[in-house]
Amino acid sequence: MITFDRVVKSYPGGYTALAGVSFEIRHGELVVLSGHSGAGKSTLLKMIAAIERPSSGSVKINGQDISHLKRTAIPYLRRSLGLVLQESRLLFDRSVYQNVLLPLVITGHPPRDAAKRVAAALERVGLGGRGREMPAGLSGGEQQRVAIARAIVNRPAVLIADEPTAHLDSAYADEIAKLFKSFNEAGVTVLVSTHDDKLFAEYRPRRLVLGKGFLIGGMSS
Amino acid sequence: MNWLVVHARAFAQAVVRLASQPLGTLLSAMVVGIALSLPAAGFVLLDNVATLARGVSGTPEISLFLEQSAGAGEVGEIARRLQHEAEVASFRHVGRDEALLQLERGGLGDVLGGLGSNPLPDAFVVTPRGESPELYERLHARFTSWPAVEHVQLDSAWVQRLHALLGLGRSVVLLLAGLLGFALVIVTFNTIRLQILTLRHEIDVSRLLGATDPFIRRPFYWFGILQGALGGLVALATVWLTVEALGPPAASLAATYGAVFSLSGPGAREALVIVAFAGFLGWLGSAISVRRHLAERLV
């Protein structure tokens with residue numbers, strides 16, 4: 001489903017974030033990407049969403065090489081992915097409901113069906129009935145849940161999360177991990193990065209370990 | 001998604017953005033409106049001057065003097081030709097006896113009486129369909145080539161002068177409109193630039209969620225159009241107020257020249273043109289700004 005083939009990412013000035021990374025993620029897998037800060041985790045995830053482009057090598061999703069995707073085609077790729085970033089990236093001048101609704105507005109979903117989907121997504125992340133609240137009034141964990149609801153509202157086949165628990169205490173982090181596991185059990189391919197090795201341990205995910213731009217481990221735990 | 005729905009959403013978004021900053025919206029509309037009111041008032045003034053000039057000077061005419069030897073058949077032929085001229089609005093025949101009578105009434109009877117016979121030729125006084133100097137020149141050339149026509153007198157000096165003056169006025173107003181229109185484009189360009197800076201987080205998030213460039217750009221385009229159109233309305237209001245204020249003194253001035261004149265503001269068609277033109281300039285400013293500033297953000 002997602003294939004990295006000898007992917008290199010270098011930046012001007014000589015810094016290499018990824019140094020020839022190859023792996024494949026199959027449909028329905030739960031994959032945890034781990035490694036220290038600066039190992040290249042974020043760069044790798046950004047490449048799947050075409051936020052970054054490889055310097056060489058190829059990135060394929062469902063057989064389509066997205067390494068040289070046209071700028072106009074990128075939005076349609078992103079619509080097929082659920083993206084959760086380290087910071088929640090919510091719009092703080094809009095309600096929780098409006099934040100979760102945004103991907104459906106972008107794709108031009110019919111309003112009535114969109115309202116049902118938003119309600120279902122909020123219910124799924126444990127924020128049912130709180131759509132009218134403003135993000136600023138929520139805790140960090142709740143804000144991240146809103147971001148996750150926003151990522152799944154379009155019912156993506158792949159959910160990508162970049163350190164979604166980075167700023168959360170362990171109790172909140174476990175709840176978020178449990179959420180990702182539940183999505184995976186529902187058939188969604190989940191790729192989540194974390195520097196906390198213990199976080200997903202109980203779900204026995206497949207682990208990819210990055211170190212200084214190299215894939216130094218890729219096994220089931 | 002339906003094209004109309006897409007634009008309706010973008011329009012609504014632009015209205016919300018305008019309404020969310022009422023003071024800024026009002027000030028921008030005032031700046032645009034005052035800038036546009038100058039050329040708009042200029043056009044209205046020129047329109048009124050043209051009307052006034054026509055009222056004071058009457059409609060210009062062309063006189064055709066036939067040869068002394070021209071008989072009834074030739075007079076009939078000229079009349080027939082004039083009837084078939086598409087560029088002639090009306091004409092009347094002034095027979096040589098009628099012309100003599102007019103001169104005698106004008107006090108020249110003694111002079112003409114000494115000549116023994118009537119020296120005046122048959123003549124036609126023609127009113128062309130239009131007032132452009134080119135039309136007068138064209139008709140002059142055509143009438144001169146007709147048989148039995150001795151002389152064609154073109155009463156166009158004042159027409160040419162008036163048209164030259166109005167043409168100069170139009171050029172000045174067009175230049176002014178161009179300069180101030182450019183200012184409007186710059187104002188909108190800058191407003192949209194600031195909007196993009198303010199909304200950069202929302203733009204980035206939308207792009208990460210799969211928003212296309214047109215999806216992001218549309219509300220800015222509508223914002224520019226609405227801001228321009230609001231400015232156009234302010235310009236119209238300014239012109240109408242000016243016309244109301246200057247109407248009575250202008251009528252008094254015209255009365256001293258024996259003309260009945262009332263200063264008139266822009267009609268519905270002109271008003272629509274001013275608002276549409278302002279909206280177009282707003283769109284142009286926003287389109288340039290969006291193209292320049294959104295292209296810099298490649299998230």
# chains A, B, ... in the order shown; residues from 1 in each chain; ligands from 1

call {"tool": "interface_residues", "arguments": {"of": "chain B", "to": "chain A", "cutoff": "9 Å", "atoms": "only C-alpha atoms", "output": "PyMOL selection string"}}
result
chain B and resi 1-2+5-6+201-202+205-213+215+298-299

call {"tool": "write_last_selection", "arguments": {"atoms": "N, CA, C and O atoms", "output": "tab-separated table (two decimals), in the first residue's frame"}}
result
chain	number	residue	atom	x	y	z
B	1	MET	N	-18.19	19.29	-7.30
B	1	MET	CA	-19.21	20.12	-6.65
B	1	MET	C	-19.75	21.16	-7.64
B	1	MET	O	-19.02	21.64	-8.49
B	2	ASN	N	-21.00	21.47	-7.50
B	2	ASN	CA	-21.63	22.44	-8.38
B	2	ASN	C	-20.89	23.77	-8.35
B	2	ASN	O	-20.57	24.30	-7.29
B	5	VAL	N	-22.56	26.45	-6.27
B	5	VAL	CA	-22.46	26.21	-4.81
B	5	VAL	C	-21.07	26.60	-4.32
B	5	VAL	O	-20.92	27.25	-3.27
B	6	VAL	N	-20.06	26.22	-5.10
B	6	VAL	CA	-18.67	26.53	-4.76
B	6	VAL	C	-18.49	28.04	-4.60
B	6	VAL	O	-17.91	28.53	-3.63
B	201	HIS	N	-2.34	30.52	8.83
B	201	HIS	CA	-2.51	29.26	9.56
B	201	HIS	C	-3.68	28.47	8.95
B	201	HIS	O	-3.57	27.26	8.70
B	202	GLU	N	-4.78	29.18	8.74
B	202	GLU	CA	-5.97	28.53	8.16
B	202	GLU	C	-5.68	28.01	6.75
B	202	GLU	O	-6.12	26.91	6.39
B	205	VAL	N	-3.48	24.87	7.11
B	205	VAL	CA	-4.28	23.73	7.59
B	205	VAL	C	-5.18	23.21	6.46
B	205	VAL	O	-5.28	22.01	6.23
B	206	SER	N	-5.81	24.15	5.75
B	206	SER	CA	-6.71	23.75	4.66
B	206	SER	C	-5.95	22.97	3.60
B	206	SER	O	-6.44	21.96	3.08
B	207	ARG	N	-4.74	23.42	3.31
B	207	ARG	CA	-3.94	22.71	2.29
B	207	ARG	C	-3.58	21.31	2.76
B	207	ARG	O	-3.62	20.36	1.99
B	208	LEU	N	-3.25	21.19	4.06
B	208	LEU	CA	-2.92	19.87	4.59
B	208	LEU	C	-4.12	18.93	4.54
B	208	LEU	O	-3.97	17.71	4.47
B	209	LEU	N	-5.31	19.51	4.57
B	209	LEU	CA	-6.52	18.69	4.55
B	209	LEU	C	-7.02	18.45	3.13
B	209	LEU	O	-8.07	17.86	2.95
B	210	GLY	N	-6.28	18.95	2.15
B	210	GLY	CA	-6.64	18.64	0.76
B	210	GLY	C	-7.32	19.76	0.01
B	210	GLY	O	-7.96	19.51	-1.02
B	211	ALA	N	-7.21	20.99	0.50
B	211	ALA	CA	-7.82	22.11	-0.23
B	211	ALA	C	-7.01	22.40	-1.50
B	211	ALA	O	-5.78	22.45	-1.46
B	212	THR	N	-7.71	22.60	-2.59
B	212	THR	CA	-7.04	22.95	-3.85
B	212	THR	C	-6.75	24.46	-3.85
B	212	THR	O	-7.32	25.20	-3.05
B	213	ASP	N	-5.89	24.88	-4.78
B	213	ASP	CA	-5.60	26.31	-4.89
B	213	ASP	C	-6.86	27.14	-5.18
B	213	ASP	O	-7.07	28.18	-4.54
B	215	PHE	N	-9.89	26.56	-4.35
B	215	PHE	CA	-10.70	26.59	-3.13
B	215	PHE	C	-10.20	27.70	-2.19
B	215	PHE	O	-10.99	28.42	-1.58
B	298	LEU	N	4.03	26.87	-0.05
B	298	LEU	CA	3.95	25.62	-0.80
B	298	LEU	C	3.64	24.42	0.09
B	298	LEU	O	3.94	23.29	-0.26
B	299	VAL	N	3.02	24.64	1.25
B	299	VAL	CA	2.73	23.51	2.15
B	299	VAL	C	1.90	22.47	1.43
B	299	VAL	O	0.94	22.82	0.78

call {"tool": "select_by_dssp", "arguments": {"residues": "region 107-195 of chain A", "states": "strand (DSSP E)", "output": "JSON, numbers by chain"}}
result
{"A": [158, 159, 160, 161, 162, 189, 190, 191, 192, 193, 194]}

call {"tool": "residues_around", "arguments": {"residues": "region 138-140 of chain A", "least_positions_apart": "4", "cutoff": "12 Å", "atoms": "only C-alpha atoms", "output": "PyMOL selection string"}}
result
chain A and resi 86-90+92+95-96+127+130-134+144-147+164-169+171-173+176

call {"tool": "residues_around", "arguments": {"residues": "Arg96 (chain B)", "least_positions_apart": "2", "cutoff": "7 Å", "atoms": "only C-alpha atoms", "output": "ChimeraX atom specification"}}
result
/B:94,98-100,120-122

call {"tool": "residues_around", "arguments": {"residues": "region 6-23 of chain A", "least_positions_apart": "4", "cutoff": "12 Å", "atoms": "only C-alpha atoms", "output": "ChimeraX atom specification"}}
result
/A:1-2,31,33,37-48,52-60,67,206-219

call {"tool": "select_by_dssp", "arguments": {"residues": "region 74-134 of chain A", "states": "alpha helix (DSSP H)", "output": "ChimeraX atom specification"}}
result
/A:74-79,96-106,111-124

call {"tool": "residues_around", "arguments": {"residues": "region 220-229 of chain B", "least_positions_apart": "4", "cutoff": "6 Å", "atoms": "only C-alpha atoms", "output": "list in words"}}
result
Phe11, Ala14, Val275, Ala278, Gly279, Gly282, Trp283 and Ser286 of chain B

call {"tool": "atom_distance", "arguments": {"atom1": "CA of Ala35 (chain B)", "atom2": "CA of Gly181 (chain B)"}}
result
7.8 Å

call {"tool": "atom_distance", "arguments": {"atom1": "CA of Val188 (chain A)", "atom2": "CA of Glu29 (chain A)"}}
result
7.8 Å
